[in-house]
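> Just structure.cif, nothing more (mmCIF, C-alpha atoms):
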data_model
#
loop_
_atom_site.label_atom_id
_atom_site.label_comp_id
_atom_site.auth_asym_id
_atom_site.auth_seq_id
_atom_site.Cartn_x
_atom_site.Cartn_y
_atom_site.Cartn_z
CA MET A 1 2.08 101.44 47.52
CA ASP A 2 2.41 98.46 49.85
CA ASN A 3 5.39 98.44 52.18
CA ILE A 4 8.24 97.02 50.11
CA TYR A 5 9.71 95.39 53.24
CA GLY A 6 8.26 92.34 54.95
CA GLU A 7 9.20 90.63 58.20
CA GLN A 8 11.93 88.63 56.46
CA HIS A 9 13.58 91.81 55.18
CA ARG A 10 13.29 93.55 58.55
CA ALA A 11 14.95 90.60 60.29
CA LEU A 12 18.01 90.87 58.05
CA GLN A 13 18.07 94.66 58.32
CA GLN A 14 18.05 94.40 62.08
CA THR A 15 20.85 91.82 61.99
CA TYR A 16 23.06 94.13 59.93
CA ASP A 17 21.85 97.41 61.49
CA THR A 18 20.42 98.78 58.23
CA VAL A 19 16.79 99.45 59.22
CA GLN A 20 17.16 103.23 59.10
CA LEU A 21 19.25 103.06 55.93
CA ALA A 22 16.72 100.80 54.20
CA ASP A 23 13.87 103.14 55.15
CA LYS A 24 15.73 106.17 53.86
CA VAL A 25 16.78 104.47 50.61
CA GLY A 26 13.22 103.27 50.02
CA GLU A 27 11.89 106.76 50.70
CA LEU A 28 14.29 108.33 48.22
CA ILE A 29 14.22 105.94 45.27
CA VAL A 30 11.03 103.82 45.25
CA LEU A 31 8.42 105.52 43.07
CA THR A 32 4.91 104.53 41.98
CA GLU A 33 5.00 106.36 38.65
CA ILE A 34 7.53 106.49 35.81
CA PRO A 35 9.46 109.79 35.71
CA GLU A 36 10.78 111.13 32.42
CA MET A 37 14.38 110.07 33.04
CA HIS A 38 13.29 106.47 33.66
CA LYS A 39 11.07 106.58 30.58
CA ASN A 40 14.01 107.56 28.38
CA PHE A 41 16.21 104.90 29.92
CA ILE A 42 13.64 102.14 29.38
CA GLU A 43 12.87 103.08 25.80
CA ASN A 44 16.56 103.12 24.86
CA ARG A 45 17.25 99.57 26.06
CA ASP A 46 17.71 96.67 23.63
CA MET A 47 17.09 94.03 26.32
CA PHE A 48 15.70 93.42 29.79
CA PHE A 49 15.08 90.54 32.18
CA LEU A 50 11.51 89.53 33.04
CA THR A 51 10.55 87.54 36.13
CA THR A 52 7.25 85.70 36.43
CA VAL A 53 6.00 83.00 38.82
CA ASP A 54 4.63 79.65 37.65
CA HIS A 55 1.81 77.44 38.97
CA ARG A 56 4.25 75.68 41.32
CA GLY A 57 5.57 78.90 42.86
CA TYR A 58 8.87 78.79 40.98
CA PRO A 59 10.14 82.16 39.69
CA THR A 60 11.10 82.17 36.02
CA CYS A 61 13.70 84.67 34.83
CA SER A 62 13.63 85.31 31.09
CA TYR A 63 15.84 87.42 28.84
CA LYS A 64 13.87 89.63 26.44
CA GLY A 65 15.75 91.25 23.58
CA GLY A 66 14.90 93.48 20.65
CA ARG A 67 15.92 96.65 18.95
CA PRO A 68 15.93 99.90 20.99
CA GLY A 69 12.36 101.08 21.28
CA PHE A 70 10.86 97.60 21.51
CA VAL A 71 9.84 98.45 25.08
CA ARG A 72 7.53 101.45 25.27
CA VAL A 73 6.34 103.65 28.10
CA LEU A 74 2.73 104.42 27.22
CA ASP A 75 2.08 106.71 30.18
CA ASP A 76 3.41 107.30 33.68
CA LYS A 77 1.98 103.96 34.89
CA THR A 78 2.16 101.66 31.87
CA ILE A 79 4.94 99.80 30.03
CA ALA A 80 4.32 97.70 26.90
CA PHE A 81 6.56 95.18 25.17
CA PRO A 82 6.13 92.57 22.41
CA SER A 83 6.24 88.80 22.71
CA TYR A 84 8.17 87.42 19.75
CA ASP A 85 8.26 83.91 18.29
CA GLY A 86 9.83 81.50 20.76
CA ASN A 87 10.21 77.79 21.42
CA GLY A 88 6.51 77.18 21.98
CA MET A 89 6.76 76.74 25.76
CA PHE A 90 5.11 80.11 26.54
CA LEU A 91 6.51 80.07 30.07
CA SER A 92 6.41 83.84 30.64
CA LEU A 93 3.04 84.46 28.97
CA GLY A 94 1.51 81.40 30.61
CA ASN A 95 2.71 82.52 34.02
CA ILE A 96 1.30 86.01 33.44
CA THR A 97 -2.17 84.64 32.72
CA ALA A 98 -2.19 82.87 36.09
CA ASN A 99 -0.15 85.22 38.28
CA HIS A 100 -0.12 88.78 37.01
CA LYS A 101 2.70 90.06 39.22
CA VAL A 102 6.01 90.52 37.39
CA GLY A 103 9.45 92.00 37.86
CA MET A 104 11.51 93.74 35.16
CA LEU A 105 15.22 94.53 35.27
CA PHE A 106 16.68 96.99 32.76
CA ILE A 107 20.47 97.26 32.53
CA ASP A 108 22.86 99.47 30.57
CA PHE A 109 26.10 97.50 30.37
CA GLU A 110 28.02 100.12 28.39
CA HIS A 111 27.39 102.90 30.91
CA PRO A 112 26.62 100.87 34.05
CA HIS A 113 23.13 101.65 35.29
CA ARG A 114 20.11 99.56 36.22
CA LEU A 115 16.43 100.04 36.89
CA ARG A 116 13.96 97.67 38.56
CA VAL A 117 10.21 97.53 38.02
CA HIS A 118 7.47 95.70 39.89
CA GLY A 119 4.10 95.58 38.22
CA VAL A 120 0.93 93.80 37.20
CA ALA A 121 0.97 92.37 33.68
CA ALA A 122 -1.75 91.43 31.21
CA THR A 123 -1.81 90.19 27.63
CA THR A 124 -4.58 89.69 25.07
CA GLU A 125 -4.64 88.25 21.57
CA ASN A 126 -5.85 91.39 19.80
CA ASP A 127 -4.11 94.29 21.51
CA GLU A 128 -4.45 97.42 19.38
CA LEU A 129 -0.67 97.93 19.61
CA LEU A 130 0.13 94.56 18.03
CA ALA A 131 0.39 95.89 14.48
CA THR A 132 2.93 98.50 15.62
CA PHE A 133 5.43 95.88 16.81
CA PRO A 134 6.98 94.13 13.76
CA GLY A 135 7.31 90.39 14.33
CA ALA A 136 5.24 90.32 17.53
CA GLU A 137 2.76 87.55 18.35
CA ARG A 138 1.33 89.37 21.35
CA VAL A 139 1.78 92.52 23.40
CA VAL A 140 2.23 92.56 27.16
CA ARG A 141 1.16 95.61 29.15
CA VAL A 142 2.55 96.16 32.64
CA THR A 143 0.92 98.49 35.13
CA VAL A 144 3.75 99.75 37.31
CA THR A 145 3.39 99.53 41.08
CA GLU A 146 7.03 100.26 42.01
CA ILE A 147 10.00 101.50 40.04
CA PHE A 148 13.45 102.21 41.43
CA ILE A 149 17.12 102.44 40.51
CA ASN A 150 19.88 100.25 41.94
CA CYS A 151 23.54 100.96 42.59
CA PRO A 152 25.48 99.95 39.43
CA ARG A 153 28.86 99.26 41.04
CA TYR A 154 28.79 95.49 40.42
CA ILE A 155 27.81 95.78 36.75
CA HIS A 156 30.76 94.73 34.60
CA PRO A 157 31.04 97.09 31.61
CA HIS A 158 30.34 95.39 28.26
CA GLN A 159 30.04 96.78 24.78
CA ARG A 160 27.41 95.74 22.24
CA LEU A 161 29.08 94.72 18.99
CA GLU A 162 25.92 94.56 16.92
CA PHE A 163 22.19 93.84 17.11
CA SER A 164 21.06 90.23 16.82
CA ARG A 165 19.96 89.48 13.27
CA TYR A 166 17.00 87.66 14.78
CA ALA A 167 15.62 90.80 16.46
CA PRO A 168 12.54 91.95 14.52
CA GLY A 169 12.38 95.50 13.27
CA ALA A 170 10.66 97.68 10.70
CA GLY A 171 12.06 96.97 7.24
CA CYS A 172 14.25 94.04 8.31
CA GLU A 173 12.83 90.53 8.19
CA ALA A 174 14.26 88.29 10.91
CA PRO A 175 15.38 84.81 9.78
CA PRO A 176 13.80 81.74 11.43
CA PRO A 177 15.80 80.11 14.26
CA GLN A 178 18.11 77.18 13.59
CA TRP A 179 16.58 75.02 16.34
CA LYS A 180 13.48 74.50 14.20
CA ARG A 181 15.65 72.36 11.93
CA ILE A 182 16.39 69.73 14.61
CA ASP A 183 15.22 66.40 13.23
CA ALA A 184 13.70 65.19 16.50
CA LEU A 185 11.33 68.19 16.56
CA GLN A 186 9.90 67.89 13.06
CA GLU A 187 6.75 65.97 14.00
CA ALA A 188 5.99 68.49 16.76
CA LEU A 189 6.38 71.69 14.72
CA PRO A 190 3.19 73.72 14.13
CA ALA A 191 1.52 73.42 10.74
CA GLY A 192 3.38 75.30 8.04
CA GLN A 193 6.76 75.20 9.74
CA LYS A 194 8.11 72.23 7.74
CA GLN A 195 8.25 74.35 4.59
CA ILE A 196 10.39 76.89 6.47
CA VAL A 197 12.76 74.10 7.50
CA GLU A 198 13.19 73.04 3.88
CA GLU A 199 13.92 76.62 2.86
CA MET A 200 16.63 76.78 5.54
CA GLY A 201 18.43 73.79 4.09
CA GLY A 202 16.67 70.85 5.70
CA THR A 203 16.94 69.15 9.06
CA ILE A 204 19.98 68.86 11.31
CA THR A 205 20.79 66.66 14.29
CA ALA A 206 20.77 67.82 17.88
CA GLU A 207 24.57 67.54 17.86
CA GLU A 208 24.81 69.75 14.77
CA TYR A 209 22.56 72.31 16.46
CA ALA A 210 24.78 72.23 19.57
CA ALA A 211 27.75 73.02 17.33
CA LEU A 212 25.88 76.00 15.88
CA LEU A 213 25.07 77.20 19.40
CA MET A 214 28.74 77.20 20.31
CA LYS A 215 29.32 79.54 17.36
CA GLY A 216 26.49 81.82 18.46
CA GLU A 217 24.33 80.80 15.51
CA GLY A 218 21.39 79.19 17.30
#
Represent the structure of the file as C-alpha coordinates.

Amino acid sequence: MDNIYGEQHRALQQTYDTVQLADKVGELIVLTEIPEMHKNFIENRDMFFLTTVDHRGYPTCSYKGGRPGFVRVLDDKTIAFPSYDGNGMFLSLGNITANHKVGMLFIDFEHPHRLRVHGVAATTENDELLATFPGAERVVRVTVTEIFINCPRYIHPHQRLEFSRYAPGAGCEAPPPQWKRIDALQEALPAGQKQIVEEMGGTITAEEYAALLMKGEG
(Lines of atoms letter the chains of each structure in order from A and count residues from 1; the text may use other names and numbers.)
(Lines give C-alpha, C1' and ligand atoms only; values in the text may rest on other atoms or scores of the structure.)
Protein backbone atom coordinates (compact mmCIF):
# COMPACT_ATOMS: atom_id res chain seq x y z
CA MET A 1 0.00 0.00 0.00
CA ASP A 2 1.31 3.45 -0.90
CA ASN A 3 1.56 5.97 1.91
CA ILE A 4 -1.92 7.46 2.19
CA TYR A 5 -0.41 10.82 3.21
CA GLY A 6 1.38 13.18 0.86
CA GLU A 7 3.29 16.39 1.51
CA GLN A 8 0.06 18.41 1.44
CA HIS A 9 -1.47 16.26 4.18
CA ARG A 10 1.69 16.34 6.29
CA ALA A 11 1.78 20.14 6.11
CA LEU A 12 -1.72 20.40 7.56
CA GLN A 13 -1.01 17.72 10.16
CA GLN A 14 2.04 19.63 11.29
CA THR A 15 0.05 22.86 11.47
CA TYR A 16 -2.55 21.26 13.74
CA ASP A 17 -0.14 18.94 15.60
CA THR A 18 -1.82 15.74 14.39
CA VAL A 19 1.10 13.93 12.72
CA GLN A 20 1.32 11.24 15.38
CA LEU A 21 -2.47 10.93 15.58
CA ALA A 22 -2.78 10.61 11.80
CA ASP A 23 -0.09 7.92 11.73
CA LYS A 24 -1.77 5.96 14.50
CA VAL A 25 -5.25 6.26 12.97
CA GLY A 26 -3.92 5.17 9.58
CA GLU A 27 -2.13 2.22 11.18
CA LEU A 28 -5.29 1.08 12.96
CA ILE A 29 -7.99 1.49 10.32
CA VAL A 30 -6.52 1.52 6.78
CA LEU A 31 -6.61 -2.01 5.37
CA THR A 32 -5.69 -3.46 1.98
CA GLU A 33 -8.21 -6.30 2.07
CA ILE A 34 -11.93 -6.47 2.86
CA PRO A 35 -12.63 -8.05 6.27
CA GLU A 36 -15.88 -9.91 6.89
CA MET A 37 -17.52 -7.09 8.84
CA HIS A 38 -16.90 -4.64 5.98
CA LYS A 39 -18.17 -7.21 3.48
CA ASN A 40 -21.47 -7.52 5.33
CA PHE A 41 -21.81 -3.76 5.62
CA ILE A 42 -21.20 -3.19 1.91
CA GLU A 43 -23.57 -5.90 0.75
CA ASN A 44 -26.39 -4.57 2.93
CA ARG A 45 -26.28 -1.03 1.51
CA ASP A 46 -28.93 0.25 -0.91
CA MET A 47 -26.75 3.15 -2.11
CA PHE A 48 -23.22 4.51 -2.23
CA PHE A 49 -21.31 7.45 -3.69
CA LEU A 50 -18.75 6.87 -6.45
CA THR A 51 -15.96 9.30 -7.31
CA THR A 52 -14.13 9.22 -10.63
CA VAL A 53 -11.86 11.72 -12.39
CA ASP A 54 -12.51 13.03 -15.89
CA HIS A 55 -10.17 13.91 -18.78
CA ARG A 56 -9.84 17.48 -17.45
CA GLY A 57 -8.88 16.41 -13.92
CA TYR A 58 -12.27 17.23 -12.43
CA PRO A 59 -13.57 14.74 -9.84
CA THR A 60 -17.11 13.53 -10.46
CA CYS A 61 -19.19 12.38 -7.50
CA SER A 62 -22.12 10.16 -8.44
CA TYR A 63 -24.90 8.63 -6.36
CA LYS A 64 -25.46 4.93 -7.09
CA GLY A 65 -28.63 3.33 -5.77
CA GLY A 66 -30.25 -0.09 -5.93
CA ARG A 67 -31.77 -2.74 -3.77
CA PRO A 68 -29.66 -4.23 -0.94
CA GLY A 69 -27.26 -6.71 -2.48
CA PHE A 70 -26.72 -4.73 -5.67
CA VAL A 71 -23.11 -4.23 -4.56
CA ARG A 72 -21.25 -7.50 -4.10
CA VAL A 73 -17.97 -8.43 -2.48
CA LEU A 74 -16.56 -11.16 -4.73
CA ASP A 75 -13.47 -11.84 -2.64
CA ASP A 76 -11.27 -10.03 -0.14
CA LYS A 77 -9.93 -7.68 -2.85
CA THR A 78 -12.83 -7.25 -5.28
CA ILE A 79 -16.14 -5.35 -5.26
CA ALA A 80 -18.64 -5.51 -8.14
CA PHE A 81 -21.66 -3.33 -8.87
CA PRO A 82 -24.04 -2.84 -11.82
CA SER A 83 -24.38 0.16 -14.09
CA TYR A 84 -28.07 0.78 -14.73
CA ASP A 85 -29.80 2.78 -17.46
CA GLY A 86 -28.99 6.47 -17.10
CA ASN A 87 -29.16 9.72 -19.02
CA GLY A 88 -26.73 8.64 -21.72
CA MET A 89 -23.84 10.81 -20.51
CA PHE A 90 -21.81 7.86 -19.16
CA LEU A 91 -19.71 10.17 -17.01
CA SER A 92 -18.67 7.56 -14.42
CA LEU A 93 -18.07 4.71 -16.88
CA GLY A 94 -16.30 7.00 -19.33
CA ASN A 95 -14.02 8.29 -16.60
CA ILE A 96 -13.22 4.75 -15.48
CA THR A 97 -12.07 3.76 -18.97
CA ALA A 98 -9.54 6.61 -18.95
CA ASN A 99 -8.56 6.84 -15.28
CA HIS A 100 -9.12 3.61 -13.39
CA LYS A 101 -8.71 5.03 -9.88
CA VAL A 102 -11.99 5.45 -8.00
CA GLY A 103 -13.33 6.23 -4.54
CA MET A 104 -16.44 4.69 -2.97
CA LEU A 105 -18.30 5.94 0.09
CA PHE A 106 -20.84 3.66 1.79
CA ILE A 107 -23.10 5.20 4.45
CA ASP A 108 -25.73 3.81 6.80
CA PHE A 109 -27.98 6.76 7.64
CA GLU A 110 -30.30 4.82 9.96
CA HIS A 111 -27.50 3.58 12.21
CA PRO A 112 -24.79 6.17 11.47
CA HIS A 113 -21.72 4.46 10.06
CA ARG A 114 -19.56 4.98 6.99
CA LEU A 115 -16.90 3.15 5.05
CA ARG A 116 -14.48 4.49 2.43
CA VAL A 117 -12.85 2.53 -0.38
CA HIS A 118 -10.05 3.43 -2.77
CA GLY A 119 -9.55 1.12 -5.70
CA VAL A 120 -8.86 0.45 -9.36
CA ALA A 121 -11.97 -0.06 -11.49
CA ALA A 122 -12.60 -1.80 -14.80
CA THR A 123 -15.67 -2.53 -16.90
CA THR A 124 -16.29 -4.67 -19.99
CA GLU A 125 -19.32 -5.21 -22.19
CA ASN A 126 -19.66 -8.95 -21.58
CA ASP A 127 -18.83 -9.49 -17.93
CA GLU A 128 -19.95 -12.97 -16.87
CA LEU A 129 -21.80 -11.42 -13.90
CA LEU A 130 -24.01 -9.23 -16.10
CA ALA A 131 -26.87 -11.72 -16.31
CA THR A 132 -26.99 -11.92 -12.50
CA PHE A 133 -27.77 -8.21 -12.10
CA PRO A 134 -31.37 -7.54 -13.26
CA GLY A 135 -31.62 -4.33 -15.26
CA ALA A 136 -27.85 -3.82 -15.59
CA GLU A 137 -26.18 -2.57 -18.78
CA ARG A 138 -22.67 -3.26 -17.51
CA VAL A 139 -20.81 -4.47 -14.44
CA VAL A 140 -17.97 -2.56 -12.79
CA ARG A 141 -15.33 -4.46 -10.84
CA VAL A 142 -13.18 -2.60 -8.32
CA THR A 143 -9.90 -4.00 -7.04
CA VAL A 144 -9.52 -2.58 -3.55
CA THR A 145 -6.26 -0.87 -2.62
CA GLU A 146 -7.43 0.77 0.64
CA ILE A 147 -10.53 0.39 2.77
CA PHE A 148 -11.22 2.16 6.04
CA ILE A 149 -13.99 3.34 8.34
CA ASN A 150 -14.65 6.96 9.29
CA CYS A 151 -16.06 8.49 12.44
CA PRO A 152 -19.87 8.75 11.99
CA ARG A 153 -20.54 11.63 14.38
CA TYR A 154 -21.53 14.14 11.67
CA ILE A 155 -23.94 11.77 9.91
CA HIS A 156 -27.49 13.01 10.47
CA PRO A 157 -29.77 10.02 11.14
CA HIS A 158 -32.35 9.42 8.40
CA GLN A 159 -34.85 6.65 7.88
CA ARG A 160 -35.61 5.00 4.54
CA LEU A 161 -39.34 5.09 3.87
CA GLU A 162 -39.29 2.74 0.90
CA PHE A 163 -37.16 1.56 -2.01
CA SER A 164 -37.26 3.58 -5.22
CA ARG A 165 -39.66 1.99 -7.69
CA TYR A 166 -37.02 2.60 -10.34
CA ALA A 167 -34.45 0.36 -8.65
CA PRO A 168 -34.15 -2.88 -10.65
CA GLY A 169 -34.60 -6.18 -8.89
CA ALA A 170 -35.44 -9.80 -9.54
CA GLY A 171 -39.15 -10.18 -10.26
CA CYS A 172 -39.91 -6.44 -10.32
CA GLU A 173 -39.70 -4.56 -13.60
CA ALA A 174 -38.58 -0.96 -13.14
CA PRO A 175 -40.61 1.68 -15.03
CA PRO A 176 -38.80 3.96 -17.52
CA PRO A 177 -37.83 7.43 -16.24
CA GLN A 178 -40.07 10.43 -16.83
CA TRP A 179 -37.26 12.56 -18.29
CA LYS A 180 -37.35 10.47 -21.47
CA ARG A 181 -40.72 12.09 -22.19
CA ILE A 182 -39.30 15.64 -22.47
CA ASP A 183 -40.24 16.93 -25.91
CA ALA A 184 -36.88 18.59 -26.57
CA LEU A 185 -35.10 15.23 -26.20
CA GLN A 186 -37.20 13.17 -28.58
CA GLU A 187 -34.94 13.50 -31.63
CA ALA A 188 -31.91 12.51 -29.54
CA LEU A 189 -33.36 9.38 -27.91
CA PRO A 190 -31.79 6.05 -28.95
CA ALA A 191 -33.67 3.91 -31.46
CA GLY A 192 -36.66 2.19 -29.92
CA GLN A 193 -37.16 4.67 -27.11
CA LYS A 194 -39.96 6.63 -28.83
CA GLN A 195 -42.32 3.68 -28.46
CA ILE A 196 -41.63 3.67 -24.72
CA VAL A 197 -42.49 7.38 -24.57
CA GLU A 198 -45.84 6.72 -26.23
CA GLU A 199 -46.59 3.94 -23.76
CA MET A 200 -45.88 6.35 -20.90
CA GLY A 201 -48.48 8.79 -22.13
CA GLY A 202 -46.60 10.87 -24.67
CA THR A 203 -44.23 13.80 -24.41
CA ILE A 204 -44.12 16.51 -21.77
CA THR A 205 -42.44 19.91 -21.61
CA ALA A 206 -39.32 20.67 -19.61
CA GLU A 207 -41.50 22.70 -17.23
CA GLU A 208 -43.86 19.76 -16.72
CA TYR A 209 -40.87 17.53 -15.98
CA ALA A 210 -39.57 20.08 -13.45
CA ALA A 211 -42.95 19.91 -11.71
CA LEU A 212 -42.69 16.12 -11.55
CA LEU A 213 -39.19 16.42 -10.08
CA MET A 214 -40.49 18.62 -7.29
CA LYS A 215 -42.90 15.81 -6.41
CA GLY A 216 -40.11 13.23 -6.45
CA GLU A 217 -41.46 11.61 -9.60
CA GLY A 218 -38.58 12.20 -12.01
> Residues at most 10 Å from Ile34 of chain A, counting all atoms listed in the file, excluding those fewer than 2 positions away in the same chain, as a PDB file with C-alpha atoms, in the coordinates of the input?

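File produced: part-v6.pdb:
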ATOM      1  CA  LEU A  31       8.420 105.520  43.070  1.00  0.00           C
ATOM      2  CA  THR A  32       4.910 104.530  41.980  1.00  0.00           C
ATOM      3  CA  GLU A  36      10.780 111.130  32.420  1.00  0.00           C
ATOM      4  CA  MET A  37      14.380 110.070  33.040  1.00  0.00           C
ATOM      5  CA  HIS A  38      13.290 106.470  33.660  1.00  0.00           C
ATOM      6  CA  LYS A  39      11.070 106.580  30.580  1.00  0.00           C
ATOM      7  CA  ASN A  40      14.010 107.560  28.380  1.00  0.00           C
ATOM      8  CA  ILE A  42      13.640 102.140  29.380  1.00  0.00           C
ATOM      9  CA  VAL A  73       6.340 103.650  28.100  1.00  0.00           C
ATOM     10  CA  ASP A  75       2.080 106.710  30.180  1.00  0.00           C
ATOM     11  CA  ASP A  76       3.410 107.300  33.680  1.00  0.00           C
ATOM     12  CA  LYS A  77       1.980 103.960  34.890  1.00  0.00           C
ATOM     13  CA  THR A  78       2.160 101.660  31.870  1.00  0.00           C
ATOM     14  CA  ILE A  79       4.940  99.800  30.030  1.00  0.00           C
ATOM     15  CA  VAL A 117      10.210  97.530  38.020  1.00  0.00           C
ATOM     16  CA  VAL A 144       3.750  99.750  37.310  1.00  0.00           C
ATOM     17  CA  THR A 145       3.390  99.530  41.080  1.00  0.00           C
ATOM     18  CA  GLU A 146       7.030 100.260  42.010  1.00  0.00           C
ATOM     19  CA  ILE A 147      10.000 101.500  40.040  1.00  0.00           C
ATOM     20  CA  PHE A 148      13.450 102.210  41.430  1.00  0.00           C
TER      21      PHE A 148
END
> Once the PyMOL selection byres ((chain A and resi 150-156) around 8) is applied to the coordinates I shared, what remains selected? I want it as a ChimeraX atom specification.
/A:109,112-116,148-149,157-158
> If the PyMOL selection byres ((chain A and resi 23) around 12) were run on this exact file, what residues would it hold? Put them as a PDB file with C-alpha atoms, in the coordinates of the input.

ATOM      1  CA  ASN A   3       5.390  98.440  52.180  1.00  0.00           C
ATOM      2  CA  ILE A   4       8.240  97.020  50.110  1.00  0.00           C
ATOM      3  CA  TYR A   5       9.710  95.390  53.240  1.00  0.00           C
ATOM      4  CA  HIS A   9      13.580  91.810  55.180  1.00  0.00           C
ATOM      5  CA  ARG A  10      13.290  93.550  58.550  1.00  0.00           C
ATOM      6  CA  GLN A  13      18.070  94.660  58.320  1.00  0.00           C
ATOM      7  CA  GLN A  14      18.050  94.400  62.080  1.00  0.00           C
ATOM      8  CA  ASP A  17      21.850  97.410  61.490  1.00  0.00           C
ATOM      9  CA  THR A  18      20.420  98.780  58.230  1.00  0.00           C
ATOM     10  CA  VAL A  19      16.790  99.450  59.220  1.00  0.00           C
ATOM     11  CA  GLN A  20      17.160 103.230  59.100  1.00  0.00           C
ATOM     12  CA  LEU A  21      19.250 103.060  55.930  1.00  0.00           C
ATOM     13  CA  ALA A  22      16.720 100.800  54.200  1.00  0.00           C
ATOM     14  CA  LYS A  24      15.730 106.170  53.860  1.00  0.00           C
ATOM     15  CA  VAL A  25      16.780 104.470  50.610  1.00  0.00           C
ATOM     16  CA  GLY A  26      13.220 103.270  50.020  1.00  0.00           C
ATOM     17  CA  GLU A  27      11.890 106.760  50.700  1.00  0.00           C
ATOM     18  CA  LEU A  28      14.290 108.330  48.220  1.00  0.00           C
ATOM     19  CA  ILE A  29      14.220 105.940  45.270  1.00  0.00           C
ATOM     20  CA  VAL A  30      11.030 103.820  45.250  1.00  0.00           C
TER      21      VAL A  30
END
> Quick check, in Å to one decimal: how far apart do atom CA of Leu93 of chain A and atom CA of Thr203 of chain A lie?
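Pair atom CA of Leu93 of chain A / atom CA of Thr203 of chain A returns 28.7 Å.
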> Hey, what's within 7 Å of segment 95-100 of chain A if we count all atoms listed in the file and toss same-chain stuff fewer than 5 positions away? As a ChimeraX atom specification, please?
/A:52-54,120-122
> Using only C-alpha atoms, which residue out of A:Gly135, A:Pro168, A:Gly103, A:Gly94 lies closest to Pro68 of chain A?
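Distance minimum relative to Pro68 of chain A lands on A:Pro168.
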> What is the distance, in Å and to one decimal place, between atom CA of Pro177 of chain A and atom CA of Glu110 of chain A?
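Between atom CA of Pro177 of chain A and atom CA of Glu110 of chain A the gap works out to 27.4 Å.
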> Near Glu137 of chain A, within 10 Å and counting all atoms listed in the file, which residues show up once chain neighbours fewer than 3 positions away are dropped, as a PyMOL selection string?
chain A and resi 82-86+125-126+130-131+133-134
> How many Å lie between atom CA of Pro190 of chain A and atom CA of Tyr209 of chain A, rounded to one decimal?
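Between atom CA of Pro190 of chain A and atom CA of Tyr209 of chain A the gap works out to 19.6 Å.
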> Env of segment 212-216 of chain A: 12 Å cut, atoms = only C-alpha atoms, seq-sep filter 6 positions within chain, self excluded. Answer as a PDB file with C-alpha atoms, keeping the file's coordinate frame.

ATOM      1  CA  SER A 164      21.060  90.230  16.820  1.00  0.00           C
ATOM      2  CA  ARG A 165      19.960  89.480  13.270  1.00  0.00           C
ATOM      3  CA  TYR A 166      17.000  87.660  14.780  1.00  0.00           C
ATOM      4  CA  PRO A 177      15.800  80.110  14.260  1.00  0.00           C
ATOM      5  CA  GLN A 178      18.110  77.180  13.590  1.00  0.00           C
ATOM      6  CA  TRP A 179      16.580  75.020  16.340  1.00  0.00           C
ATOM      7  CA  ARG A 181      15.650  72.360  11.930  1.00  0.00           C
ATOM      8  CA  ILE A 182      16.390  69.730  14.610  1.00  0.00           C
ATOM      9  CA  ILE A 204      19.980  68.860  11.310  1.00  0.00           C
ATOM     10  CA  THR A 205      20.790  66.660  14.290  1.00  0.00           C
ATOM     11  CA  ALA A 206      20.770  67.820  17.880  1.00  0.00           C
TER      12      ALA A 206
END
> If we count all atoms listed in the file and set the cut-off at 6 Å, which residues sit around Ala80 of chain A, ignoring sequence neighbours fewer than 5 positions away in its own chain? Please answer as a ChimeraX atom specification.
/A:71-72,140-141
> Using all atoms listed in the file, find the one residue out of A:Gly169, A:Gly119, A:Gly65, A:Gly202 that sits nearest to Gln186 of chain A.
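Looking at the shortest contact to Gln186 of chain A, the residue is A:Gly202.
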> Considering all atoms listed in the file, state which residue in the set A:Ser92, A:Thr132, A:Thr15, A:Thr143 is at the smallest distance from Cys61 of chain A.
A:Ser92
> When you count all atoms listed in the file, which of these residues is closest to Pro59 of chain A: A:Leu74, A:Phe81, A:Val102, A:Ala167?
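Closest to Pro59 of chain A, using all atoms listed in the file: A:Val102.
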> I need the residue nearest Gln159 of chain A from this list: A:Asp108, A:Glu207, A:Glu43, A:Asp183. Use all atoms listed in the file for the distance.
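Among the listed residues, the smallest separation from Gln159 of chain A belongs to A:Asp108.
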> List every protein, DNA or RNA residue with an atom no more than 7 Å from (18.3, 87.4, 30.4) in the file's coordinates, counting all atoms listed in the file, and format the result as a ChimeraX atom specification.
/A:48-49,61-64
